file start-v1.tsv (TSV, C-alpha atoms)
chain	number	residue	atom	x	y	z
A	1	MET	CA	32.00	-24.09	-77.09
A	2	ALA	CA	29.44	-24.33	-74.28
A	3	TYR	CA	31.84	-24.28	-71.32
A	4	PRO	CA	32.35	-22.27	-69.07
A	5	GLY	CA	28.94	-20.67	-69.63
A	6	SER	CA	27.26	-24.04	-69.39
A	7	LEU	CA	28.28	-27.64	-68.99
A	8	PRO	CA	29.21	-29.54	-72.18
A	9	VAL	CA	26.93	-32.28	-73.49
A	10	TYR	CA	28.08	-35.01	-75.87
A	11	ASN	CA	26.81	-38.24	-77.35
A	12	ASP	CA	28.85	-41.44	-77.29
A	13	LEU	CA	30.48	-42.30	-80.57
A	14	LYS	CA	29.01	-45.46	-82.18
A	15	ILE	CA	31.01	-48.34	-83.55
A	16	ILE	CA	29.44	-49.05	-86.92
A	17	ASP	CA	31.80	-51.71	-88.14
A	18	GLU	CA	34.52	-52.95	-85.93
A	19	HIS	CA	37.10	-53.34	-88.66
A	20	VAL	CA	36.32	-50.04	-90.37
A	21	THR	CA	35.75	-47.73	-87.34
A	22	ARG	CA	38.58	-48.90	-85.09
A	23	GLY	CA	41.30	-47.33	-87.17
A	24	LEU	CA	39.39	-44.15	-87.99
A	25	ILE	CA	37.53	-43.01	-84.90
A	26	GLU	CA	38.76	-45.07	-81.92
A	27	ALA	CA	35.42	-44.52	-80.15
A	28	ASP	CA	36.18	-46.93	-77.36
A	29	THR	CA	39.24	-44.83	-76.49
A	30	THR	CA	37.74	-41.32	-76.87
A	31	ASN	CA	34.49	-41.77	-74.94
A	32	PRO	CA	36.10	-42.24	-71.47
A	33	TRP	CA	38.11	-39.02	-71.88
A	34	LEU	CA	35.04	-37.09	-72.82
A	35	THR	CA	33.32	-38.44	-69.72
A	36	GLU	CA	36.20	-37.23	-67.49
A	37	ILE	CA	36.16	-33.76	-69.07
A	38	VAL	CA	32.45	-33.40	-68.38
A	39	ALA	CA	33.01	-34.53	-64.75
A	40	ILE	CA	35.72	-31.90	-64.25
A	41	CYS	CA	33.50	-29.17	-65.65
A	42	THR	CA	30.65	-30.31	-63.44
A	43	GLU	CA	32.87	-30.22	-60.34
A	44	LEU	CA	34.12	-26.70	-61.10
A	45	GLY	CA	30.72	-25.35	-62.00
A	46	THR	CA	29.99	-22.52	-64.38
A	47	ASP	CA	31.42	-18.98	-64.52
A	48	VAL	CA	34.46	-20.00	-62.49
A	49	ALA	CA	36.33	-16.81	-63.45
A	50	GLY	CA	33.56	-14.53	-62.18
A	51	SER	CA	34.32	-10.98	-63.25
A	52	ALA	CA	38.01	-11.83	-63.76
A	53	SER	CA	39.41	-12.83	-67.10
A	54	ASP	CA	40.06	-16.40	-66.00
A	55	LEU	CA	40.09	-18.63	-62.94
A	56	VAL	CA	43.79	-18.09	-62.28
A	57	THR	CA	43.30	-14.33	-62.17
A	58	ARG	CA	40.36	-14.69	-59.86
A	59	LEU	CA	42.22	-16.97	-57.46
A	60	ALA	CA	45.21	-14.68	-57.48
A	61	ILE	CA	43.11	-11.99	-55.83
A	62	SER	CA	42.85	-13.96	-52.58
A	63	LEU	CA	45.66	-16.55	-52.79
A	64	ASN	CA	49.40	-16.18	-53.24
A	65	ASN	CA	51.61	-18.60	-55.15
A	66	ALA	CA	51.96	-20.75	-52.02
A	67	GLY	CA	48.20	-21.10	-51.75
A	68	LYS	CA	47.88	-18.95	-48.63
A	69	LEU	CA	45.11	-16.40	-48.22
A	70	LYS	CA	46.06	-12.94	-49.34
A	71	LEU	CA	43.06	-11.50	-47.42
A	72	PHE	CA	44.53	-12.55	-44.08
A	73	GLN	CA	47.81	-11.16	-42.91
A	74	THR	CA	49.82	-11.16	-39.72
A	75	CYS	CA	51.45	-7.84	-38.96
A	76	THR	CA	52.03	-5.28	-36.25
A	77	HIS	CA	49.98	-2.17	-35.67
A	78	ALA	CA	52.65	-0.09	-37.42
A	79	THR	CA	52.98	-2.41	-40.42
A	80	ARG	CA	49.38	-2.76	-41.47
A	81	PRO	CA	48.87	-3.29	-45.23
A	82	ALA	CA	49.14	0.05	-47.05
A	83	SER	CA	46.38	-0.52	-49.60
A	84	PRO	CA	44.31	-3.52	-48.51
A	85	PRO	CA	41.27	-4.82	-50.35
A	86	GLU	CA	37.88	-4.57	-48.71
A	87	GLY	CA	37.21	-7.57	-46.51
A	88	MET	CA	40.84	-8.20	-45.66
A	89	LEU	CA	41.55	-9.57	-42.18
A	90	ILE	CA	44.68	-8.86	-40.16
A	91	HIS	CA	46.02	-9.99	-36.80
A	92	GLU	CA	48.31	-7.59	-34.98
A	93	THR	CA	50.94	-9.53	-33.08
A	94	ASP	CA	51.82	-6.64	-30.79
A	95	THR	CA	48.26	-5.74	-29.72
A	96	LYS	CA	46.89	-9.30	-30.05
A	97	ASP	CA	43.84	-7.84	-31.82
A	98	PHE	CA	42.02	-8.81	-35.03
A	99	PHE	CA	40.76	-6.25	-37.58
A	100	ARG	CA	38.65	-6.31	-40.72
A	101	CYS	CA	39.01	-3.80	-43.54
A	102	THR	CA	35.60	-2.28	-44.26
A	103	VAL	CA	36.86	0.31	-46.74
A	104	GLY	CA	39.77	-0.73	-48.93
A	105	GLY	CA	42.28	1.28	-50.87
A	106	GLY	CA	44.89	3.85	-49.93
A	107	THR	CA	42.89	5.17	-46.96
A	108	PRO	CA	41.52	2.02	-45.42
A	109	THR	CA	39.11	1.73	-42.53
A	110	TRP	CA	39.81	-0.98	-40.01
A	111	VAL	CA	37.21	-2.31	-37.55
A	112	GLU	CA	38.29	-4.41	-34.58
A	113	ILE	CA	36.87	-7.91	-34.31
A	114	PRO	CA	36.32	-8.89	-30.66
A	115	THR	CA	37.98	-12.09	-29.56
A	116	LEU	CA	36.49	-14.50	-27.05
A	117	ALA	CA	38.88	-13.08	-24.46
A	118	ASP	CA	37.58	-9.59	-25.24
A	119	VAL	CA	33.98	-10.71	-24.74
A	120	ILE	CA	34.81	-12.41	-21.44
A	121	ALA	CA	36.69	-9.33	-20.22
A	122	LEU	CA	33.81	-7.08	-21.26
A	123	LEU	CA	31.28	-9.19	-19.39
A	124	ALA	CA	33.51	-9.25	-16.31
A	125	ALA	CA	33.95	-5.48	-16.46
A	126	LYS	CA	30.22	-4.94	-16.90
A	127	ALA	CA	29.55	-7.05	-13.81
A	128	ASN	CA	31.79	-4.81	-11.71
A	129	ILE	CA	31.18	-1.33	-13.00
A	130	ALA	CA	31.74	1.06	-10.13
A	131	SER	CA	30.35	4.44	-9.15
A	132	GLN	CA	27.22	4.46	-11.26
A	133	PRO	CA	24.75	7.26	-10.44
A	134	GLY	CA	21.63	6.16	-8.57
A	135	TRP	CA	19.16	6.89	-5.79
A	136	ILE	CA	18.25	5.68	-2.32
A	137	VAL	CA	14.51	6.25	-1.85
A	138	VAL	CA	12.81	6.19	1.57
A	139	SER	CA	9.02	5.97	1.67
A	140	VAL	CA	7.45	7.92	4.54
A	141	LYS	CA	3.85	8.13	3.34
A	142	GLY	CA	1.10	8.79	5.82
A	143	ILE	CA	3.10	9.84	8.86
A	144	ARG	CA	0.59	9.77	11.71
A	145	GLY	CA	2.11	12.52	13.78
A	146	GLU	CA	3.92	10.69	16.57
A	147	TYR	CA	6.04	13.84	16.57
A	148	SER	CA	4.81	17.39	16.44
A	149	GLY	CA	6.43	19.66	13.86
A	150	ASN	CA	8.96	18.67	11.26
A	151	VAL	CA	11.15	15.57	11.33
A	152	HIS	CA	14.56	14.65	9.95
A	153	VAL	CA	15.85	11.42	8.47
A	154	GLU	CA	18.95	9.30	8.88
A	155	ILE	CA	20.05	6.86	6.17
A	156	ASP	CA	22.88	4.31	6.35
A	157	ARG	CA	24.12	1.96	3.62
A	158	SER	CA	26.81	-0.69	3.93
A	159	GLU	CA	28.12	-3.73	2.09
A	160	ASN	CA	28.27	-5.51	5.46
A	161	SER	CA	25.23	-7.17	7.01
A	162	ASP	CA	25.99	-5.64	10.41
A	163	TYR	CA	26.00	-2.14	8.83
A	164	SER	CA	29.64	-1.62	9.76
A	165	ALA	CA	31.86	0.64	7.61
A	166	PRO	CA	28.92	2.31	5.81
A	167	ASP	CA	29.65	3.97	2.47
A	168	VAL	CA	26.58	6.21	2.90
A	169	GLU	CA	25.81	8.02	6.16
A	170	VAL	CA	23.13	10.71	5.88
A	171	ASP	CA	21.68	12.89	8.62
A	172	SER	CA	19.40	15.58	7.23
A	173	ALA	CA	19.69	17.55	10.45
A	174	VAL	CA	23.40	17.98	9.73
A	175	SER	CA	23.45	18.35	5.93
A	176	GLN	CA	20.82	18.35	3.20
A	177	THR	CA	23.29	17.92	0.30
A	178	GLY	CA	22.03	15.32	-2.18
A	179	LEU	CA	18.69	14.96	-0.36
A	180	TYR	CA	15.31	15.63	-1.95
A	181	ALA	CA	11.78	15.35	-0.60
A	182	HIS	CA	8.48	14.75	-2.38
A	183	ILE	CA	6.24	17.31	-0.74
A	184	GLY	CA	2.76	17.80	-2.13
A	185	ASP	CA	3.03	17.41	-5.92
A	186	ASN	CA	6.71	18.28	-6.34
A	187	TRP	CA	10.22	17.08	-5.62
A	188	VAL	CA	12.14	19.80	-3.79
A	189	SER	CA	15.49	20.13	-2.10
A	190	PHE	CA	15.29	18.77	1.43
A	191	PRO	CA	14.32	21.65	3.76
A	192	ALA	CA	16.94	22.59	6.35
A	193	GLY	CA	14.25	22.60	9.03
A	194	GLY	CA	13.10	19.06	8.27
A	195	ILE	CA	10.16	17.62	6.36
A	196	PRO	CA	6.51	18.25	7.18
A	197	ILE	CA	4.30	15.36	8.20
A	198	ASP	CA	2.65	15.11	4.75
A	199	THR	CA	5.92	14.22	2.99
A	200	GLU	CA	5.56	11.12	0.81
A	201	GLU	CA	9.11	10.10	-0.07
A	202	ILE	CA	12.71	11.13	0.53
A	203	ALA	CA	15.44	10.50	-2.05
A	204	TYR	CA	19.21	10.65	-1.67
A	205	GLN	CA	21.53	10.70	-4.67
A	206	ALA	CA	24.30	8.12	-4.27
A	207	THR	CA	26.60	6.08	-6.50
A	208	TRP	CA	26.49	2.28	-6.63
A	209	ASP	CA	28.50	-0.64	-8.01
A	210	ILE	CA	26.98	-3.21	-10.37
A	211	GLY	CA	26.74	-6.64	-8.81
A	212	THR	CA	27.00	-5.34	-5.22
A	213	ARG	CA	24.45	-6.11	-2.52
A	214	TYR	CA	23.80	-3.28	-0.11
A	215	TYR	CA	22.32	-3.36	3.38
A	216	LEU	CA	20.19	-0.27	3.97
A	217	ARG	CA	18.45	1.24	6.94
A	218	ALA	CA	16.62	4.48	7.73
A	219	ARG	CA	14.88	6.14	10.65
A	220	LEU	CA	13.14	9.40	11.41
A	221	LYS	CA	14.00	11.67	14.30
A	222	HIS	CA	12.68	14.79	15.98
A	223	ASP	CA	15.34	16.59	17.97
A	224	SER	CA	16.89	13.80	20.06
A	225	VAL	CA	13.92	11.44	19.73
A	226	TYR	CA	14.67	8.62	17.29
A	227	GLY	CA	12.40	6.12	15.63
A	228	GLU	CA	13.61	2.56	15.25
A	229	TRP	CA	15.73	1.62	12.25
A	230	TYR	CA	13.83	0.16	9.29
A	231	LYS	CA	16.20	-2.26	7.57
A	232	THR	CA	16.30	-3.85	4.13
A	233	VAL	CA	18.64	-4.92	1.32
A	234	GLY	CA	18.97	-3.56	-2.18
A	235	SER	CA	21.06	-3.24	-5.33
A	236	GLY	CA	20.97	-1.41	-8.63
A	237	GLY	CA	20.29	2.18	-9.50
A	238	THR	CA	17.21	2.63	-7.30
A	239	GLN	CA	17.49	1.19	-3.81
A	240	ARG	CA	14.25	1.48	-1.84
A	241	ILE	CA	13.61	1.52	1.89
A	242	GLY	CA	10.04	1.00	3.07
A	243	GLN	CA	8.62	1.12	-0.45
A	244	GLY	CA	4.84	0.93	-0.42
A	245	VAL	CA	4.53	1.32	3.33
A	246	ARG	CA	1.61	3.58	4.02
A	247	ASN	CA	2.27	4.93	7.49
A	248	TYR	CA	4.95	5.81	9.95
A	249	GLU	CA	4.16	2.97	12.34
A	250	ASP	CA	4.71	0.34	9.67
A	251	LEU	CA	7.77	2.01	8.18
A	252	PHE	CA	9.87	2.72	11.21
A	253	ASN	CA	7.79	1.02	13.91
A	254	LYS	CA	6.79	3.28	16.74
A	255	PRO	CA	9.54	5.16	18.53
A	256	VAL	CA	11.15	3.29	21.38
A	257	HIS	CA	9.34	4.18	24.64
A	258	SER	CA	11.06	7.00	26.45
A	259	CYS	CA	12.12	5.67	29.81
A	260	GLY	CA	14.58	6.17	32.63
A	261	PHE	CA	15.71	4.03	35.52
A	262	MET	CA	17.95	4.61	38.53
A	263	TYR	CA	18.73	2.89	41.81
A	264	ILE	CA	20.70	3.44	44.99
A	265	SER	CA	24.01	1.68	44.62
A	266	THR	CA	25.44	2.86	47.94
A	267	ALA	CA	23.24	3.02	51.05
A	268	GLY	CA	23.37	6.02	53.34
A	269	THR	CA	21.62	8.24	55.88
A	270	ILE	CA	19.70	11.46	55.24
A	271	ALA	CA	19.41	14.02	58.05
A	272	VAL	CA	16.05	15.71	57.49
A	273	THR	CA	16.55	19.47	57.65
A	274	THR	CA	13.05	20.56	58.66
A	275	GLY	CA	10.42	18.23	59.99
A	276	GLY	CA	7.32	18.14	57.78
A	277	THR	CA	9.11	19.78	54.84
A	278	PHE	CA	9.88	17.48	51.90
A	279	GLU	CA	13.39	17.53	50.43
A	280	LYS	CA	15.29	15.50	47.86
A	281	ALA	CA	16.24	12.02	49.04
A	282	ILE	CA	19.98	12.43	48.83
A	283	GLY	CA	22.75	13.01	51.32
A	284	GLY	CA	25.47	11.37	53.32
A	285	THR	CA	26.99	8.38	51.51
A	286	ILE	CA	23.93	7.74	49.34
A	287	ALA	CA	24.88	7.23	45.69
A	288	TYR	CA	22.50	6.77	42.76
A	289	THR	CA	23.38	4.80	39.62
A	290	PRO	CA	21.45	5.02	36.32
A	291	GLY	CA	20.07	1.94	34.60
A	292	TYR	CA	18.54	1.96	31.11
A	293	LEU	CA	17.94	5.47	29.79
A	294	HIS	CA	16.16	6.45	26.59
A	295	ASN	CA	15.43	10.15	26.14
A	296	PHE	CA	16.34	10.70	29.78
A	297	LEU	CA	19.48	11.93	31.50
A	298	HIS	CA	20.50	11.01	35.04
A	299	SER	CA	22.37	13.15	37.54
A	300	ALA	CA	22.64	12.45	41.28
A	301	GLY	CA	19.16	11.02	41.79
A	302	THR	CA	17.44	13.20	39.17
A	303	LEU	CA	15.95	11.92	35.88
A	304	THR	CA	15.52	14.65	33.25
A	305	TYR	CA	13.34	14.13	30.19
A	306	LYS	CA	15.15	14.95	26.92
A	307	GLY	CA	12.53	13.93	24.41
A	308	GLY	CA	11.37	16.14	21.58
A	309	ALA	CA	7.71	16.49	22.54
A	310	VAL	CA	5.37	16.34	25.52
A	311	GLY	CA	4.94	12.79	26.77
A	312	HIS	CA	2.62	11.03	29.21
A	313	PHE	CA	4.54	9.03	31.80
A	314	ILE	CA	4.09	6.72	34.76
A	315	VAL	CA	6.58	7.06	37.62
A	316	THR	CA	7.08	4.25	40.16
A	317	THR	CA	9.48	3.91	43.09
A	318	PHE	CA	10.16	1.44	45.91
A	319	VAL	CA	12.47	2.23	48.79
A	320	SER	CA	13.76	0.17	51.72
A	321	ILE	CA	14.30	2.46	54.73
A	322	GLU	CA	15.12	2.30	58.41
A	323	SER	CA	14.46	4.75	61.18
A	324	GLY	CA	17.42	6.43	62.72
A	325	GLU	CA	15.39	7.49	65.77
A	326	ASN	CA	13.61	5.81	68.68
A	327	ALA	CA	10.25	6.86	67.24
A	328	GLN	CA	9.68	8.52	63.91
A	329	VAL	CA	7.14	9.17	61.15
A	330	VAL	CA	8.79	9.01	57.70
A	331	LYS	CA	7.02	10.20	54.56
A	332	ILE	CA	8.00	10.02	50.86
A	333	ARG	CA	6.61	11.76	47.79
A	334	LEU	CA	7.40	11.91	44.08
A	335	ALA	CA	8.47	15.33	42.87
A	336	LYS	CA	8.33	17.07	39.50
A	337	ASN	CA	10.64	19.99	38.75
A	338	GLY	CA	11.52	20.34	42.44
A	339	THR	CA	7.94	20.35	43.73
A	340	SER	CA	6.58	17.38	45.63
A	341	ILE	CA	3.27	15.84	44.53
A	342	ALA	CA	0.91	15.52	47.49
A	343	GLY	CA	-1.11	12.73	45.93
A	344	THR	CA	1.93	10.43	45.93
A	345	GLU	CA	2.59	10.64	49.68
A	346	MET	CA	3.25	7.40	51.54
A	347	THR	CA	3.88	7.20	55.33
A	348	ARG	CA	5.61	4.79	57.70
A	349	ASP	CA	5.29	5.21	61.45
A	350	PHE	CA	8.33	3.76	63.21
A	351	THR	CA	7.90	2.90	66.89
A	352	ALA	CA	11.31	1.29	67.28
A	353	GLN	CA	14.71	2.30	65.97
A	354	ASN	CA	16.35	0.42	63.04
A	355	ARG	CA	13.22	-1.34	61.99
A	356	ASN	CA	13.44	-1.94	58.22
A	357	SER	CA	10.41	-1.13	56.06
A	358	VAL	CA	9.52	-0.81	52.35
A	359	LEU	CA	7.56	2.11	50.97
A	360	GLY	CA	6.33	2.46	47.40
A	361	THR	CA	4.40	5.01	45.41
A	362	THR	CA	3.39	5.68	41.80
A	363	TRP	CA	1.89	8.49	39.68
A	364	THR	CA	1.10	9.43	36.10
A	365	LEU	CA	2.08	12.82	34.76
A	366	ASP	CA	3.01	14.77	31.64
A	367	LEU	CA	6.61	15.78	31.02
A	368	GLU	CA	7.85	18.42	28.62
A	369	PRO	CA	11.45	18.47	27.42
A	370	ASP	CA	13.82	19.23	30.33
A	371	ASP	CA	11.22	18.46	32.99
A	372	TYR	CA	12.67	16.25	35.74
A	373	VAL	CA	11.47	13.87	38.46
A	374	GLU	CA	12.93	12.86	41.83
A	375	LEU	CA	12.10	11.23	45.16
A	376	PHE	CA	11.49	13.51	48.17
A	377	VAL	CA	11.47	12.55	51.87
A	378	THR	CA	10.69	14.11	55.24
A	379	SER	CA	10.29	13.20	58.89
A	380	ASP	CA	8.19	14.53	61.72
A	381	THR	CA	11.08	16.15	63.58
A	382	ASN	CA	13.90	18.43	62.56
A	383	GLY	CA	17.24	16.67	62.17
A	384	ASP	CA	15.78	13.14	62.13
A	385	ASP	CA	17.92	10.52	60.42
A	386	VAL	CA	16.39	8.31	57.72
A	387	VAL	CA	18.47	5.37	56.52
A	388	PHE	CA	18.09	4.45	52.83
A	389	ASN	CA	19.20	0.87	52.18
A	390	ASN	CA	17.75	0.24	48.69
A	391	LEU	CA	15.78	2.14	46.11
A	392	THR	CA	14.51	1.63	42.59
A	393	PHE	CA	13.01	4.48	40.57
A	394	ASN	CA	11.46	4.05	37.14
A	395	VAL	CA	9.72	6.42	34.69
A	396	ARG	CA	8.37	5.43	31.27
A	397	THR	CA	5.83	6.51	28.67
A	398	VAL	CA	2.29	5.14	28.74

call {"tool": "encode", "arguments": {"input": "start-v1.tsv", "output": "structure tokens"}}
result
Amino acid sequence: MAYPGSLPVYNDLKIIDEHVTRGLIEADTTNPWLTEIVAICTELGTDVAGSASDLVTRLAISLNNAGKLKLFQTCTHATRPASPPEGMLIHETDTKDFFRCTVGGGTPTWVEIPTLADVIALLAAKANIASQPGWIVVSVKGIRGEYSGNVHVEIDRSENSDYSAPDVEVDSAVSQTGLYAHIGDNWVSFPAGGIPIDTEEIAYQATWDIGTRYYLRARLKHDSVYGEWYKTVGSGGTQRIGQGVRNYEDLFNKPVHSCGFMYISTAGTIAVTTGGTFEKAIGGTIAYTPGYLHNFLHSAGTLTYKGGAVGHFIVTTFVSIESGENAQVVKIRLAKNGTSIAGTEMTRDFTAQNRNSVLGTTWTLDLEPDDYVELFVTSDTNGDDVVFNNLTFNVRTV
């Protein structure tokens, strides 16, 4: 018997003599059945039992009597099959998870099969992973020395484009925690006294969320002198500010010009104490009001420089005055630190009382921190009245 090892082959029976063969062989009846048998064997193929004793035994491994797969079973986590065959699949109705048995027998190993919902949830979770470790890196290569001595850095980061509600606020002058500086050939903890001018980069260790856009800005400062904010956007584990910028001017722009402005908001009269001796132009009802101030403080007609280094300034003033006398010589000068500057003197000779006149003067000078400037006035006679109607006073770096 060739089958099931190989397919059977047969030759059609021949009708030799119709009257003799019909009763003995019935070839015309037998041949169709043989054809059908060969077709069935061809459809099933060879070795249908595999390593089992027969096809029924082989099918019984994976199918029950109802024809359902034995290798797939619905159960709960607590009622998993006790001794499953390798390759068996189960679906747990309580956990909604699928598992495949990779090691069968009495101590089976089950491996979870991700569902489409699992994959979608995993991708969604990956897109919103929070609090991953990362760095904010500020490039400060080639600082040109707009400030003398060491400088500090401020860093802000926010999810809002207007930088409101920042999640990172760093001021190295207040705390150096998490800050590092690349000085020379090494990364070191940020020095408490600030970074030297040859620092290349500053790094701050901060967490970040995947898929989040951050708005970042940084600026340098020396004492109370601030550079302008350099602003950018970033995401991911390394967020860079000013990357590749080679010098301080390009990175943070130049510091905003130090400047101070004040004006007389309430007119009034000054009674000159001693004729020919200059004194501060304040008294009576005169009131000064500050305008724009950057690195300057104003107090009662005095502008005090609060920058972090020596600066070169131009000072300019214009004043509208009247004489309070029948005849009078009024003089004004700029003053630094309480001493009038002779080279700034301007004079008006009044020959009639109440005649209005405008005097102006200007000067360039150096100011160190806490130096201050003012307007001084005098008259030719003790006790003379000088009426100040308007005044503007401006000082700025050049």

call {"tool": "residues_around", "arguments": {"input": "start-v1.tsv", "residues": "Ser83 (chain A)", "least_positions_apart": "3", "cutoff": "7 Å", "atoms": "all atoms listed in the file", "output": "CSV table (one decimal) with C-alpha atoms, keeping the file's coordinate frame"}}
result
chain,number,residue,atom,x,y,z
A,104,GLY,CA,39.8,-0.7,-48.9
A,105,GLY,CA,42.3,1.3,-50.9
A,106,GLY,CA,44.9,3.8,-49.9
A,108,PRO,CA,41.5,2.0,-45.4

call {"tool": "closest_residue", "arguments": {"input": "start-v1.tsv", "among": "A:Gly268, A:Ser158, A:Thr304, A:His294", "to": "Leu391 (chain A)", "atoms": "all atoms listed in the file"}}
result
A:Gly268

call {"tool": "axis_aligned_box", "arguments": {"input": "start-v1.tsv", "around": "region 380-397 of chain A", "padding_each_side": "5 Å", "output": "AutoDock Vina command-line options"}}
result
--center_x 12.5 --center_y 9.3 --center_z 46.1 --size_x 23.4 --size_y 28.2 --size_z 44.9

call {"tool": "atom_distance", "arguments": {"input": "start-v1.tsv", "atom1": "CA of Val140 (chain A)", "atom2": "CA of Trp187 (chain A)"}}
result
14.0 Å

call {"tool": "residues_around", "arguments": {"input": "start-v1.tsv", "residues": "region 314-325 of chain A", "least_positions_apart": "2", "cutoff": "7 Å", "atoms": "all atoms listed in the file", "output": "compact mmCIF listing (two decimals) with C-alpha atoms, keeping the file's coordinate frame"}}
result
# COMPACT_ATOMS: atom_id res chain seq x y z
CA ALA A 327 10.25 6.86 67.24
CA GLN A 328 9.68 8.52 63.91
CA PHE A 350 8.33 3.76 63.21
CA GLN A 353 14.71 2.30 65.97
CA ASN A 354 16.35 0.42 63.04
CA ARG A 355 13.22 -1.34 61.99
CA ASN A 356 13.44 -1.94 58.22
CA SER A 357 10.41 -1.13 56.06
CA VAL A 358 9.52 -0.81 52.35
CA LEU A 359 7.56 2.11 50.97
CA GLY A 360 6.33 2.46 47.40
CA THR A 361 4.40 5.01 45.41
CA THR A 362 3.39 5.68 41.80
CA TRP A 363 1.89 8.49 39.68
CA THR A 364 1.10 9.43 36.10
CA LEU A 365 2.08 12.82 34.76
CA ASP A 384 15.78 13.14 62.13
CA ASP A 385 17.92 10.52 60.42
CA VAL A 386 16.39 8.31 57.72
CA VAL A 387 18.47 5.37 56.52
CA PHE A 388 18.09 4.45 52.83
CA ASN A 389 19.20 0.87 52.18
CA ASN A 390 17.75 0.24 48.69
CA LEU A 391 15.78 2.14 46.11
CA THR A 392 14.51 1.63 42.59
CA PHE A 393 13.01 4.48 40.57
CA ASN A 394 11.46 4.05 37.14
CA VAL A 395 9.72 6.42 34.69
CA ARG A 396 8.37 5.43 31.27
CA THR A 397 5.83 6.51 28.67
CA VAL A 398 2.29 5.14 28.74

call {"tool": "residues_near_point", "arguments": {"input": "start-v1.tsv", "point": "(8.0, 19.7, 57.5)", "cutoff": "8 Å", "atoms": "all atoms listed in the file", "output": "PDB file with C-alpha atoms, in the frame of the given file"}}
result
ATOM      1  CA  THR A 274      13.050  20.560  58.660  1.00  0.00           C
ATOM      2  CA  GLY A 275      10.420  18.230  59.990  1.00  0.00           C
ATOM      3  CA  GLY A 276       7.320  18.140  57.780  1.00  0.00           C
ATOM      4  CA  THR A 277       9.110  19.780  54.840  1.00  0.00           C
ATOM      5  CA  PHE A 278       9.880  17.480  51.900  1.00  0.00           C
ATOM      6  CA  THR A 378      10.690  14.110  55.240  1.00  0.00           C
ATOM      7  CA  SER A 379      10.290  13.200  58.890  1.00  0.00           C
ATOM      8  CA  ASP A 380       8.190  14.530  61.720  1.00  0.00           C
ATOM      9  CA  THR A 381      11.080  16.150  63.580  1.00  0.00           C
ATOM     10  CA  ASN A 382      13.900  18.430  62.560  1.00  0.00           C
TER      11      ASN A 382
END

call {"tool": "residues_around", "arguments": {"input": "start-v1.tsv", "residues": "Tyr204 (chain A)", "least_positions_apart": "3", "cutoff": "7 Å", "atoms": "all atoms listed in the file", "output": "compact mmCIF listing (two decimals) with C-alpha atoms, keeping the file's coordinate frame"}}
result
# COMPACT_ATOMS: atom_id res chain seq x y z
CA TRP A 135 19.16 6.89 -5.79
CA ILE A 136 18.25 5.68 -2.32
CA VAL A 137 14.51 6.25 -1.85
CA GLY A 178 22.03 15.32 -2.18
CA LEU A 179 18.69 14.96 -0.36
CA TYR A 180 15.31 15.63 -1.95

call {"tool": "residues_around", "arguments": {"input": "start-v1.tsv", "residues": "region 226-236 of chain A", "least_positions_apart": "4", "cutoff": "6 Å", "atoms": "all atoms listed in the file", "output": "PDB file with C-alpha atoms, keeping the file's coordinate frame"}}
result
ATOM      1  CA  ARG A 213      24.450  -6.110  -2.520  1.00  0.00           C
ATOM      2  CA  TYR A 214      23.800  -3.280  -0.110  1.00  0.00           C
ATOM      3  CA  TYR A 215      22.320  -3.360   3.380  1.00  0.00           C
ATOM      4  CA  LEU A 216      20.190  -0.270   3.970  1.00  0.00           C
ATOM      5  CA  ARG A 217      18.450   1.240   6.940  1.00  0.00           C
ATOM      6  CA  ALA A 218      16.620   4.480   7.730  1.00  0.00           C
ATOM      7  CA  ARG A 219      14.880   6.140  10.650  1.00  0.00           C
ATOM      8  CA  LEU A 220      13.140   9.400  11.410  1.00  0.00           C
ATOM      9  CA  LYS A 221      14.000  11.670  14.300  1.00  0.00           C
ATOM     10  CA  PHE A 252       9.870   2.720  11.210  1.00  0.00           C
ATOM     11  CA  PRO A 255       9.540   5.160  18.530  1.00  0.00           C
TER      12      PRO A 255
END

call {"tool": "atom_distance", "arguments": {"input": "start-v1.tsv", "atom1": "CA of Lys336 (chain A)", "atom2": "CA of Asn295 (chain A)"}}
result
16.6 Å

call {"tool": "residues_around", "arguments": {"input": "start-v1.tsv", "residues": "Thr107 (chain A)", "least_positions_apart": "4", "cutoff": "9 Å", "atoms": "all atoms listed in the file", "output": "PyMOL selection string"}}
result
chain A and resi 82-84+103

call {"tool": "residues_near_point", "arguments": {"input": "start-v1.tsv", "point": "(13.1, 13.7, 52.0)", "cutoff": "6 Å", "atoms": "only C-alpha atoms", "output": "list of chain:residue names"}}
result
A:Phe278, A:Glu279, A:Lys280, A:Ala281, A:Phe376, A:Val377, A:Thr378

call {"tool": "atom_distance", "arguments": {"input": "start-v1.tsv", "atom1": "CA of Thr302 (chain A)", "atom2": "CA of Ile282 (chain A)"}}
result
10.0 Å

call {"tool": "closest_residue", "arguments": {"input": "start-v1.tsv", "among": "A:Ser164, A:Asp97, A:Leu334, A:Val48", "to": "Pro114 (chain A)", "atoms": "only C-alpha atoms"}}
result
A:Asp97

call {"tool": "closest_residue", "arguments": {"input": "start-v1.tsv", "among": "A:Glu154, A:Asp162, A:Glu112, A:Asp54", "to": "Thr95 (chain A)", "atoms": "only C-alpha atoms"}}
result
A:Glu112

call {"tool": "closest_residue", "arguments": {"input": "start-v1.tsv", "among": "A:Val138, A:Ile332, A:Ile183, A:Val310", "to": "Arg240 (chain A)", "atoms": "all atoms listed in the file"}}
result
A:Val138

call {"tool": "closest_residue", "arguments": {"input": "start-v1.tsv", "among": "A:Thr57, A:Ser189, A:Thr102, A:Ser340", "to": "Leu89 (chain A)", "atoms": "only C-alpha atoms"}}
result
A:Thr102
